[in-house]
file run_26.txt (compact mmCIF, N, CA and C atoms and all ligand atoms)
# COMPACT_ATOMS: atom_id res chain seq x y z
N MET P 241 -8.26 20.00 -6.79
CA MET P 241 -7.36 19.29 -7.70
C MET P 241 -7.49 17.79 -7.47
N GLU P 242 -7.27 17.04 -8.53
CA GLU P 242 -7.44 15.59 -8.48
C GLU P 242 -6.59 14.91 -7.41
N ARG P 243 -5.33 15.37 -7.24
CA ARG P 243 -4.43 14.69 -6.30
C ARG P 243 -4.93 14.77 -4.86
N LYS P 244 -5.79 15.73 -4.54
CA LYS P 244 -6.31 15.83 -3.18
C LYS P 244 -7.25 14.67 -2.86
N ARG P 245 -7.63 13.92 -3.88
CA ARG P 245 -8.47 12.75 -3.63
C ARG P 245 -7.65 11.56 -3.18
N CYS P 246 -6.31 11.65 -3.22
CA CYS P 246 -5.44 10.54 -2.82
C CYS P 246 -5.77 10.12 -1.39
N VAL P 247 -6.06 8.81 -1.23
CA VAL P 247 -6.41 8.31 0.10
C VAL P 247 -5.20 7.69 0.80
N LYS P 248 -4.02 7.88 0.20
CA LYS P 248 -2.74 7.43 0.80
C LYS P 248 -2.69 5.92 1.04
N CYS P 249 -3.35 5.16 0.19
CA CYS P 249 -3.40 3.71 0.38
C CYS P 249 -2.06 3.04 0.08
N GLY P 250 -1.25 3.64 -0.77
CA GLY P 250 0.08 3.11 -1.07
C GLY P 250 0.10 2.04 -2.14
N LEU P 251 -1.02 1.76 -2.78
CA LEU P 251 -1.04 0.70 -3.79
C LEU P 251 -0.19 1.06 -5.02
N CYS P 252 0.07 2.32 -5.19
CA CYS P 252 0.87 2.77 -6.33
C CYS P 252 2.36 2.52 -6.12
N ARG P 253 2.79 2.32 -4.91
CA ARG P 253 4.24 2.31 -4.62
C ARG P 253 4.99 1.22 -5.36
N GLU P 254 4.52 -0.02 -5.28
CA GLU P 254 5.26 -1.12 -5.90
C GLU P 254 5.20 -1.09 -7.42
N ALA P 255 4.26 -0.32 -7.96
CA ALA P 255 4.19 -0.19 -9.42
C ALA P 255 5.23 0.80 -9.94
N CYS P 256 5.77 1.60 -9.05
CA CYS P 256 6.66 2.70 -9.46
C CYS P 256 8.11 2.21 -9.59
N PRO P 257 8.72 2.34 -10.77
CA PRO P 257 10.10 1.89 -10.94
C PRO P 257 11.09 2.67 -10.09
N ILE P 258 10.79 3.90 -9.79
CA ILE P 258 11.68 4.72 -8.95
C ILE P 258 11.62 4.21 -7.51
N PHE P 259 10.43 3.99 -7.00
CA PHE P 259 10.30 3.52 -5.62
C PHE P 259 10.88 2.12 -5.46
N ARG P 260 10.70 1.27 -6.46
CA ARG P 260 11.19 -0.11 -6.34
C ARG P 260 12.71 -0.16 -6.19
N VAL P 261 13.41 0.84 -6.72
CA VAL P 261 14.87 0.88 -6.61
C VAL P 261 15.30 1.67 -5.38
N ILE P 262 14.73 2.83 -5.18
CA ILE P 262 15.22 3.74 -4.14
C ILE P 262 14.59 3.48 -2.78
N ARG P 263 13.39 2.93 -2.75
CA ARG P 263 12.68 2.60 -1.51
C ARG P 263 12.59 3.80 -0.57
N SER P 264 12.33 4.94 -1.12
CA SER P 264 12.15 6.14 -0.31
C SER P 264 10.71 6.61 -0.46
N GLU P 265 10.02 6.75 0.67
CA GLU P 265 8.62 7.18 0.62
C GLU P 265 8.49 8.55 -0.04
N THR P 266 9.48 9.39 0.15
CA THR P 266 9.45 10.73 -0.45
C THR P 266 9.34 10.64 -1.97
N LEU P 267 9.99 9.62 -2.54
CA LEU P 267 9.99 9.50 -4.00
C LEU P 267 8.98 8.49 -4.51
N SER P 268 8.16 7.97 -3.63
CA SER P 268 7.07 7.10 -4.08
C SER P 268 5.99 7.97 -4.70
N PRO P 269 5.10 7.40 -5.52
CA PRO P 269 4.00 8.21 -6.06
C PRO P 269 3.18 8.85 -4.94
N ARG P 270 2.94 8.11 -3.87
CA ARG P 270 2.17 8.66 -2.75
C ARG P 270 2.90 9.85 -2.12
N GLY P 271 4.22 9.69 -1.94
CA GLY P 271 5.01 10.79 -1.38
C GLY P 271 4.97 12.01 -2.28
N LYS P 272 5.09 11.77 -3.57
CA LYS P 272 5.07 12.89 -4.52
C LYS P 272 3.70 13.57 -4.51
N ALA P 273 2.64 12.78 -4.34
CA ALA P 273 1.29 13.36 -4.28
C ALA P 273 1.19 14.31 -3.09
N VAL P 274 1.74 13.88 -1.95
CA VAL P 274 1.70 14.73 -0.75
C VAL P 274 2.55 15.98 -0.95
N ILE P 275 3.75 15.80 -1.49
CA ILE P 275 4.66 16.94 -1.71
C ILE P 275 4.02 17.95 -2.66
N SER P 276 3.41 17.43 -3.70
CA SER P 276 2.78 18.31 -4.68
C SER P 276 1.61 19.05 -4.04
N GLU P 277 0.81 18.34 -3.26
CA GLU P 277 -0.36 18.93 -2.60
C GLU P 277 0.07 20.06 -1.66
N ARG P 278 1.22 19.87 -1.00
CA ARG P 278 1.71 20.89 -0.05
C ARG P 278 2.62 21.91 -0.71
N LYS P 279 2.68 21.87 -2.03
CA LYS P 279 3.54 22.80 -2.79
C LYS P 279 4.99 22.70 -2.32
N GLY P 280 5.44 21.45 -2.14
CA GLY P 280 6.82 21.20 -1.72
C GLY P 280 7.77 21.42 -2.88
N PRO P 281 9.05 21.04 -2.70
CA PRO P 281 10.06 21.31 -3.73
C PRO P 281 9.69 20.73 -5.09
N PRO P 282 9.57 21.56 -6.11
CA PRO P 282 9.14 21.08 -7.42
C PRO P 282 10.16 20.17 -8.09
N GLU P 283 11.42 20.19 -7.60
CA GLU P 283 12.45 19.33 -8.20
C GLU P 283 12.08 17.86 -8.10
N VAL P 284 11.25 17.52 -7.13
CA VAL P 284 10.82 16.13 -6.95
C VAL P 284 10.15 15.61 -8.22
N GLY P 285 9.57 16.51 -8.99
CA GLY P 285 8.91 16.12 -10.23
C GLY P 285 9.85 15.47 -11.24
N TYR P 286 11.15 15.67 -11.04
CA TYR P 286 12.12 15.05 -11.95
C TYR P 286 12.51 13.64 -11.52
N ARG P 287 12.08 13.23 -10.34
CA ARG P 287 12.38 11.87 -9.88
C ARG P 287 11.24 10.96 -10.31
N CYS P 288 10.97 10.97 -11.60
CA CYS P 288 9.81 10.28 -12.15
C CYS P 288 10.08 10.03 -13.62
N THR P 289 9.73 8.83 -14.09
CA THR P 289 9.95 8.51 -15.50
C THR P 289 8.75 8.89 -16.37
N LEU P 290 7.69 9.36 -15.75
CA LEU P 290 6.43 9.70 -16.44
C LEU P 290 5.79 8.46 -17.07
N CYS P 291 6.09 7.29 -16.48
CA CYS P 291 5.59 6.04 -17.07
C CYS P 291 4.09 5.83 -16.84
N LYS P 292 3.53 6.49 -15.82
CA LYS P 292 2.10 6.40 -15.47
C LYS P 292 1.69 5.04 -14.90
N ALA P 293 2.67 4.23 -14.49
CA ALA P 293 2.31 2.95 -13.86
C ALA P 293 1.54 3.18 -12.57
N CYS P 294 1.82 4.27 -11.88
CA CYS P 294 1.09 4.57 -10.64
C CYS P 294 -0.39 4.83 -10.94
N ARG P 295 -0.67 5.48 -12.03
CA ARG P 295 -2.06 5.76 -12.39
C ARG P 295 -2.80 4.45 -12.67
N GLU P 296 -2.10 3.51 -13.32
CA GLU P 296 -2.72 2.21 -13.61
C GLU P 296 -3.01 1.43 -12.33
N ALA P 297 -2.12 1.57 -11.33
CA ALA P 297 -2.27 0.80 -10.08
C ALA P 297 -3.25 1.45 -9.11
N CYS P 298 -3.49 2.71 -9.29
CA CYS P 298 -4.30 3.48 -8.33
C CYS P 298 -5.78 3.13 -8.46
N PRO P 299 -6.43 2.75 -7.35
CA PRO P 299 -7.86 2.42 -7.43
C PRO P 299 -8.72 3.61 -7.85
N LEU P 300 -8.20 4.81 -7.65
CA LEU P 300 -8.94 6.01 -8.04
C LEU P 300 -8.49 6.54 -9.40
N GLY P 301 -7.46 5.89 -9.97
CA GLY P 301 -6.96 6.32 -11.27
C GLY P 301 -6.32 7.70 -11.24
N LEU P 302 -5.74 8.06 -10.09
CA LEU P 302 -5.16 9.41 -9.99
C LEU P 302 -3.91 9.54 -10.85
N ASP P 303 -3.81 10.67 -11.49
CA ASP P 303 -2.66 10.95 -12.36
C ASP P 303 -1.85 12.05 -11.68
N LEU P 304 -0.66 11.70 -11.21
CA LEU P 304 0.14 12.67 -10.46
C LEU P 304 0.62 13.80 -11.38
N PRO P 305 0.68 15.00 -10.84
CA PRO P 305 0.99 16.17 -11.67
C PRO P 305 2.49 16.41 -11.83
N MET P 306 3.21 15.40 -12.34
CA MET P 306 4.66 15.54 -12.44
C MET P 306 5.06 16.58 -13.50
N GLU P 307 4.32 16.62 -14.61
CA GLU P 307 4.64 17.61 -15.64
C GLU P 307 4.43 19.02 -15.07
N GLU P 308 3.38 19.16 -14.27
CA GLU P 308 3.08 20.46 -13.64
C GLU P 308 4.21 20.85 -12.68
N MET P 309 4.71 19.87 -11.93
CA MET P 309 5.81 20.15 -11.00
C MET P 309 7.06 20.56 -11.75
N ARG P 310 7.32 19.92 -12.89
CA ARG P 310 8.49 20.28 -13.69
C ARG P 310 8.35 21.68 -14.25
N LEU P 311 7.15 21.99 -14.69
CA LEU P 311 6.91 23.33 -15.22
C LEU P 311 7.17 24.38 -14.14
N ARG P 312 6.68 24.09 -12.94
CA ARG P 312 6.88 25.03 -11.83
C ARG P 312 8.37 25.16 -11.50
N ALA P 313 9.10 24.02 -11.53
CA ALA P 313 10.54 24.07 -11.27
C ALA P 313 11.23 24.95 -12.31
N ALA P 314 10.83 24.80 -13.56
CA ALA P 314 11.45 25.60 -14.63
C ALA P 314 11.12 27.08 -14.44
N GLN P 315 9.87 27.37 -14.12
CA GLN P 315 9.46 28.77 -13.94
C GLN P 315 10.17 29.41 -12.75
N GLU P 316 10.50 28.61 -11.75
CA GLU P 316 11.18 29.14 -10.56
C GLU P 316 12.70 29.03 -10.68
N GLY P 317 13.18 28.59 -11.85
CA GLY P 317 14.63 28.48 -12.06
C GLY P 317 15.25 27.39 -11.21
N ARG P 318 14.48 26.33 -10.91
CA ARG P 318 14.98 25.27 -10.04
C ARG P 318 15.13 23.93 -10.78
N SER P 319 15.12 23.96 -12.10
CA SER P 319 15.33 22.70 -12.83
C SER P 319 16.74 22.21 -12.56
N PRO P 320 16.97 20.90 -12.54
CA PRO P 320 18.33 20.38 -12.37
C PRO P 320 19.26 20.92 -13.45
N SER P 321 20.53 21.06 -13.10
CA SER P 321 21.50 21.65 -14.05
C SER P 321 21.58 20.83 -15.34
N SER P 322 21.44 19.49 -15.24
CA SER P 322 21.52 18.67 -16.44
C SER P 322 20.37 18.98 -17.40
N VAL P 323 19.21 19.28 -16.84
CA VAL P 323 18.05 19.61 -17.67
C VAL P 323 18.27 20.96 -18.34
N ARG P 324 18.79 21.92 -17.57
CA ARG P 324 19.05 23.25 -18.15
C ARG P 324 20.08 23.15 -19.27
N GLU P 325 21.12 22.32 -19.04
CA GLU P 325 22.17 22.14 -20.05
C GLU P 325 21.58 21.50 -21.31
N MET P 326 20.73 20.50 -21.12
CA MET P 326 20.10 19.82 -22.26
C MET P 326 19.25 20.80 -23.06
N MET P 327 18.47 21.62 -22.38
CA MET P 327 17.62 22.60 -23.07
C MET P 327 18.46 23.62 -23.82
N GLU P 328 19.55 24.04 -23.20
CA GLU P 328 20.46 24.99 -23.85
C GLU P 328 21.00 24.39 -25.15
N ASN P 329 21.35 23.10 -25.10
CA ASN P 329 21.84 22.42 -26.30
C ASN P 329 20.77 22.37 -27.39
N VAL P 330 19.54 22.11 -26.99
CA VAL P 330 18.45 22.05 -27.98
C VAL P 330 18.29 23.41 -28.65
N TRP P 331 18.32 24.48 -27.84
CA TRP P 331 18.17 25.82 -28.41
C TRP P 331 19.33 26.20 -29.32
N ARG P 332 20.54 25.83 -28.88
CA ARG P 332 21.73 26.26 -29.64
C ARG P 332 22.05 25.36 -30.83
N TYR P 333 21.88 24.04 -30.62
CA TYR P 333 22.34 23.09 -31.65
C TYR P 333 21.22 22.25 -32.26
N GLY P 334 20.03 22.36 -31.72
CA GLY P 334 18.91 21.59 -32.29
C GLY P 334 18.92 20.13 -31.87
N ASN P 335 19.73 19.79 -30.86
CA ASN P 335 19.73 18.43 -30.32
C ASN P 335 20.15 18.50 -28.85
N PRO P 336 19.82 17.45 -28.06
CA PRO P 336 20.11 17.54 -26.61
C PRO P 336 21.57 17.31 -26.23
N PHE P 337 22.41 16.91 -27.19
CA PHE P 337 23.78 16.51 -26.85
C PHE P 337 24.83 17.59 -27.05
N GLY P 338 24.48 18.66 -27.71
CA GLY P 338 25.45 19.74 -27.89
C GLY P 338 26.03 19.75 -29.29
N ASP P 339 27.26 20.28 -29.39
CA ASP P 339 27.91 20.47 -30.68
C ASP P 339 28.45 19.13 -31.18
N LEU P 340 27.60 18.36 -31.85
CA LEU P 340 27.98 17.02 -32.30
C LEU P 340 28.51 17.04 -33.73
N LYS P 341 29.69 16.50 -33.91
CA LYS P 341 30.23 16.36 -35.27
C LYS P 341 29.67 15.08 -35.88
N GLU P 342 29.73 15.01 -37.19
CA GLU P 342 29.24 13.83 -37.92
C GLU P 342 29.89 12.55 -37.38
N GLU P 343 29.08 11.56 -37.06
CA GLU P 343 29.50 10.24 -36.57
C GLU P 343 30.17 10.27 -35.20
N LYS P 344 30.13 11.39 -34.51
CA LYS P 344 30.71 11.46 -33.17
C LYS P 344 29.68 10.96 -32.15
N VAL P 345 30.15 10.17 -31.20
CA VAL P 345 29.25 9.66 -30.16
C VAL P 345 29.19 10.68 -29.03
N PRO P 346 27.99 11.02 -28.55
CA PRO P 346 27.89 12.00 -27.46
C PRO P 346 28.67 11.54 -26.23
N SER P 347 29.37 12.45 -25.60
CA SER P 347 30.15 12.09 -24.40
C SER P 347 29.27 12.07 -23.16
N LYS P 348 28.13 12.71 -23.26
CA LYS P 348 27.26 12.78 -22.09
C LYS P 348 25.81 12.56 -22.51
N LEU P 349 25.15 11.65 -21.82
CA LEU P 349 23.74 11.43 -22.09
C LEU P 349 22.94 12.11 -20.98
N TYR P 350 21.85 12.75 -21.34
CA TYR P 350 21.06 13.46 -20.36
C TYR P 350 19.84 12.65 -20.00
N CYS P 351 19.52 12.73 -18.77
CA CYS P 351 18.32 12.05 -18.31
C CYS P 351 17.67 12.91 -17.25
N CYS P 352 16.38 13.15 -17.38
CA CYS P 352 15.71 13.96 -16.35
C CYS P 352 15.02 13.00 -15.41
S1 LIG P 401 4.74 8.02 -13.36
FE1 LIG P 401 6.45 8.54 -12.00
S2 LIG P 401 5.61 8.32 -9.94
FE2 LIG P 401 4.23 7.21 -11.35
S3 LIG P 401 4.97 5.10 -11.39
FE3 LIG P 401 5.97 6.15 -13.09
S4 LIG P 401 7.92 6.86 -12.23
FE4 LIG P 401 6.59 6.36 -10.50
S1 LIG P 402 -2.73 4.32 -5.20
FE1 LIG P 402 -3.76 6.29 -5.62
S2 LIG P 402 -4.94 6.72 -3.77
FE2 LIG P 402 -3.45 5.14 -3.24
S3 LIG P 402 -1.65 6.27 -2.43
FE3 LIG P 402 -1.30 5.95 -4.63
S4 LIG P 402 -2.09 7.83 -5.61
FE4 LIG P 402 -2.97 7.76 -3.54

call {"tool": "encode", "arguments": {"input": "run_26.txt", "output": "structure tokens"}}
result
Amino acid sequence: MERKRCVKCGLCREACPIFRVIRSETLSPRGKAVISERKGPPEVGYRCTLCKACREACPLGLDLPMEEMRLRAAQEGRSPSSVREMMENVWRYGNPFGDLKEEKVPSKLYCC
């Protein structure tokens, strides 16, 4: 798999908006690459905006498998509750916010 080529140089870290705020190696692109490689908790895949800034910064152009991790989390029933709620709303109401009346502002915004 492509992520096994990661040389752990860390050049992707400062490009990552999640790492720049949280400053946790676990949630840096490099940390996620290691977690993914070791088949660690797939929920980590949700701590990512899918912006691909890490791929742009990476000298090897590695593209982290965040979508794959999310798929695995969903298949294992480990998606965050907010994501499950949002999907339920889409299935039931055709939108992520739930039973929305005309001109009503959603009371809850979902973010994965
Ligand atoms: S794609 Fe995810 S891991 Fe990569 S820089 Fe964006 S938020 Fe960070
Ligand atoms: S920049 Fe690329 S090679 Fe370096 S740690 Fe990040 S993903 Fe790995």

call {"tool": "residues_near_ligand", "arguments": {"input": "run_26.txt", "ligand": "ligand LIG 401 (chain P)", "cutoff": "6 Å", "atoms": "all atoms listed in the file", "output": "PyMOL selection string"}}
result
chain P and resi 255-259+268-269+287-295

call {"tool": "residues_near_ligand", "arguments": {"input": "run_26.txt", "ligand": "ligand LIG 402 (chain P)", "cutoff": "5 Å", "atoms": "all atoms listed in the file", "output": "ChimeraX atom specification"}}
result
/P:246-252,270,297-299

call {"tool": "atom_distance", "arguments": {"input": "run_26.txt", "atom1": "atom CA of P:Met309", "atom2": "atom CA of P:Ser276"}}
result
7.2 Å

call {"tool": "atom_distance", "arguments": {"input": "run_26.txt", "atom1": "atom N of P:Met306", "atom2": "atom C of P:Gly285"}}
result
6.7 Å

call {"tool": "closest_residue", "arguments": {"input": "run_26.txt", "among": "P:Ala273, P:Pro336, P:Glu283, P:Ser347", "to": "P:Arg312", "atoms": "all atoms listed in the file"}}
result
P:Glu283

call {"tool": "atom_distance", "arguments": {"input": "run_26.txt", "atom1": "atom CA of P:Arg324", "atom2": "atom CA of P:Arg278"}}
result
25.2 Å

call {"tool": "residues_around", "arguments": {"input": "run_26.txt", "residues": "P:Ala314", "least_positions_apart": "5", "cutoff": "12 Å", "atoms": "only C-alpha atoms", "output": "PyMOL selection string"}}
result
chain P and resi 281-283+285-286+307-309+319-321+323-324+327

call {"tool": "closest_residue", "arguments": {"input": "run_26.txt", "among": "P:Pro346, P:Asp339, P:Gln315, P:Leu304", "to": "P:Lys272", "atoms": "only N, CA and C atoms"}}
result
P:Leu304

call {"tool": "residues_around", "arguments": {"input": "run_26.txt", "residues": "P:Phe337", "least_positions_apart": "6", "cutoff": "9 Å", "atoms": "only C-alpha atoms", "output": "ChimeraX atom specification"}}
result
/P:325-326,329-330,346-350

call {"tool": "decode", "arguments": {"input": "run_26.txt", "residues": "stretch 296-318 of chain P", "atoms": "N, CA and C atoms", "output": "PDB file, in the first residue's frame"}}
result
ATOM      1  N   GLU P 296      -0.058  17.545  -0.697  1.00  0.00           N
ATOM      2  CA  GLU P 296       0.688  18.591  -1.403  1.00  0.00           C
ATOM      3  C   GLU P 296       2.057  18.828  -0.773  1.00  0.00           C
ATOM      4  N   ALA P 297       2.123  18.701   0.572  1.00  0.00           N
ATOM      5  CA  ALA P 297       3.388  18.981   1.278  1.00  0.00           C
ATOM      6  C   ALA P 297       4.340  17.797   1.264  1.00  0.00           C
ATOM      7  N   CYS P 298       3.820  16.632   1.018  1.00  0.00           N
ATOM      8  CA  CYS P 298       4.617  15.404   1.123  1.00  0.00           C
ATOM      9  C   CYS P 298       5.574  15.265  -0.065  1.00  0.00           C
ATOM     10  N   PRO P 299       6.872  15.077   0.206  1.00  0.00           N
ATOM     11  CA  PRO P 299       7.823  14.933  -0.901  1.00  0.00           C
ATOM     12  C   PRO P 299       7.549  13.700  -1.763  1.00  0.00           C
ATOM     13  N   LEU P 300       6.841  12.736  -1.193  1.00  0.00           N
ATOM     14  CA  LEU P 300       6.502  11.524  -1.952  1.00  0.00           C
ATOM     15  C   LEU P 300       5.095  11.587  -2.530  1.00  0.00           C
ATOM     16  N   GLY P 301       4.374  12.681  -2.199  1.00  0.00           N
ATOM     17  CA  GLY P 301       3.015  12.835  -2.708  1.00  0.00           C
ATOM     18  C   GLY P 301       2.053  11.791  -2.165  1.00  0.00           C
ATOM     19  N   LEU P 302       2.311  11.327  -0.937  1.00  0.00           N
ATOM     20  CA  LEU P 302       1.447  10.268  -0.392  1.00  0.00           C
ATOM     21  C   LEU P 302       0.059  10.812  -0.064  1.00  0.00           C
ATOM     22  N   ASP P 303      -0.925  10.014  -0.378  1.00  0.00           N
ATOM     23  CA  ASP P 303      -2.319  10.387  -0.129  1.00  0.00           C
ATOM     24  C   ASP P 303      -2.831   9.469   0.974  1.00  0.00           C
ATOM     25  N   LEU P 304      -3.086  10.042   2.149  1.00  0.00           N
ATOM     26  CA  LEU P 304      -3.490   9.212   3.282  1.00  0.00           C
ATOM     27  C   LEU P 304      -4.884   8.617   3.049  1.00  0.00           C
ATOM     28  N   PRO P 305      -5.079   7.400   3.515  1.00  0.00           N
ATOM     29  CA  PRO P 305      -6.334   6.690   3.220  1.00  0.00           C
ATOM     30  C   PRO P 305      -7.454   7.012   4.210  1.00  0.00           C
ATOM     31  N   MET P 306      -7.785   8.302   4.345  1.00  0.00           N
ATOM     32  CA  MET P 306      -8.790   8.683   5.333  1.00  0.00           C
ATOM     33  C   MET P 306     -10.191   8.187   4.949  1.00  0.00           C
ATOM     34  N   GLU P 307     -10.501   8.232   3.655  1.00  0.00           N
ATOM     35  CA  GLU P 307     -11.814   7.739   3.223  1.00  0.00           C
ATOM     36  C   GLU P 307     -11.929   6.240   3.517  1.00  0.00           C
ATOM     37  N   GLU P 308     -10.818   5.536   3.308  1.00  0.00           N
ATOM     38  CA  GLU P 308     -10.776   4.092   3.579  1.00  0.00           C
ATOM     39  C   GLU P 308     -10.991   3.823   5.075  1.00  0.00           C
ATOM     40  N   MET P 309     -10.363   4.658   5.911  1.00  0.00           N
ATOM     41  CA  MET P 309     -10.526   4.485   7.359  1.00  0.00           C
ATOM     42  C   MET P 309     -11.964   4.750   7.771  1.00  0.00           C
ATOM     43  N   ARG P 310     -12.597   5.744   7.150  1.00  0.00           N
ATOM     44  CA  ARG P 310     -14.000   6.035   7.475  1.00  0.00           C
ATOM     45  C   ARG P 310     -14.900   4.892   7.048  1.00  0.00           C
ATOM     46  N   LEU P 311     -14.603   4.344   5.883  1.00  0.00           N
ATOM     47  CA  LEU P 311     -15.404   3.218   5.403  1.00  0.00           C
ATOM     48  C   LEU P 311     -15.288   2.049   6.374  1.00  0.00           C
ATOM     49  N   ARG P 312     -14.071   1.799   6.830  1.00  0.00           N
ATOM     50  CA  ARG P 312     -13.855   0.697   7.779  1.00  0.00           C
ATOM     51  C   ARG P 312     -14.589   0.970   9.093  1.00  0.00           C
ATOM     52  N   ALA P 313     -14.552   2.237   9.552  1.00  0.00           N
ATOM     53  CA  ALA P 313     -15.270   2.588  10.780  1.00  0.00           C
ATOM     54  C   ALA P 313     -16.766   2.328  10.613  1.00  0.00           C
ATOM     55  N   ALA P 314     -17.297   2.695   9.454  1.00  0.00           N
ATOM     56  CA  ALA P 314     -18.729   2.486   9.207  1.00  0.00           C
ATOM     57  C   ALA P 314     -19.050   1.000   9.161  1.00  0.00           C
ATOM     58  N   GLN P 315     -18.205   0.229   8.485  1.00  0.00           N
ATOM     59  CA  GLN P 315     -18.445  -1.210   8.368  1.00  0.00           C
ATOM     60  C   GLN P 315     -18.361  -1.903   9.722  1.00  0.00           C
ATOM     61  N   GLU P 316     -17.542  -1.365  10.619  1.00  0.00           N
ATOM     62  CA  GLU P 316     -17.389  -1.967  11.948  1.00  0.00           C
ATOM     63  C   GLU P 316     -18.338  -1.339  12.968  1.00  0.00           C
ATOM     64  N   GLY P 317     -19.218  -0.446  12.497  1.00  0.00           N
ATOM     65  CA  GLY P 317     -20.182   0.192  13.402  1.00  0.00           C
ATOM     66  C   GLY P 317     -19.515   1.128  14.386  1.00  0.00           C
ATOM     67  N   ARG P 318     -18.393   1.739  13.996  1.00  0.00           N
ATOM     68  CA  ARG P 318     -17.652   2.611  14.904  1.00  0.00           C
ATOM     69  C   ARG P 318     -17.648   4.069  14.450  1.00  0.00           C
TER      70      ARG P 318
END
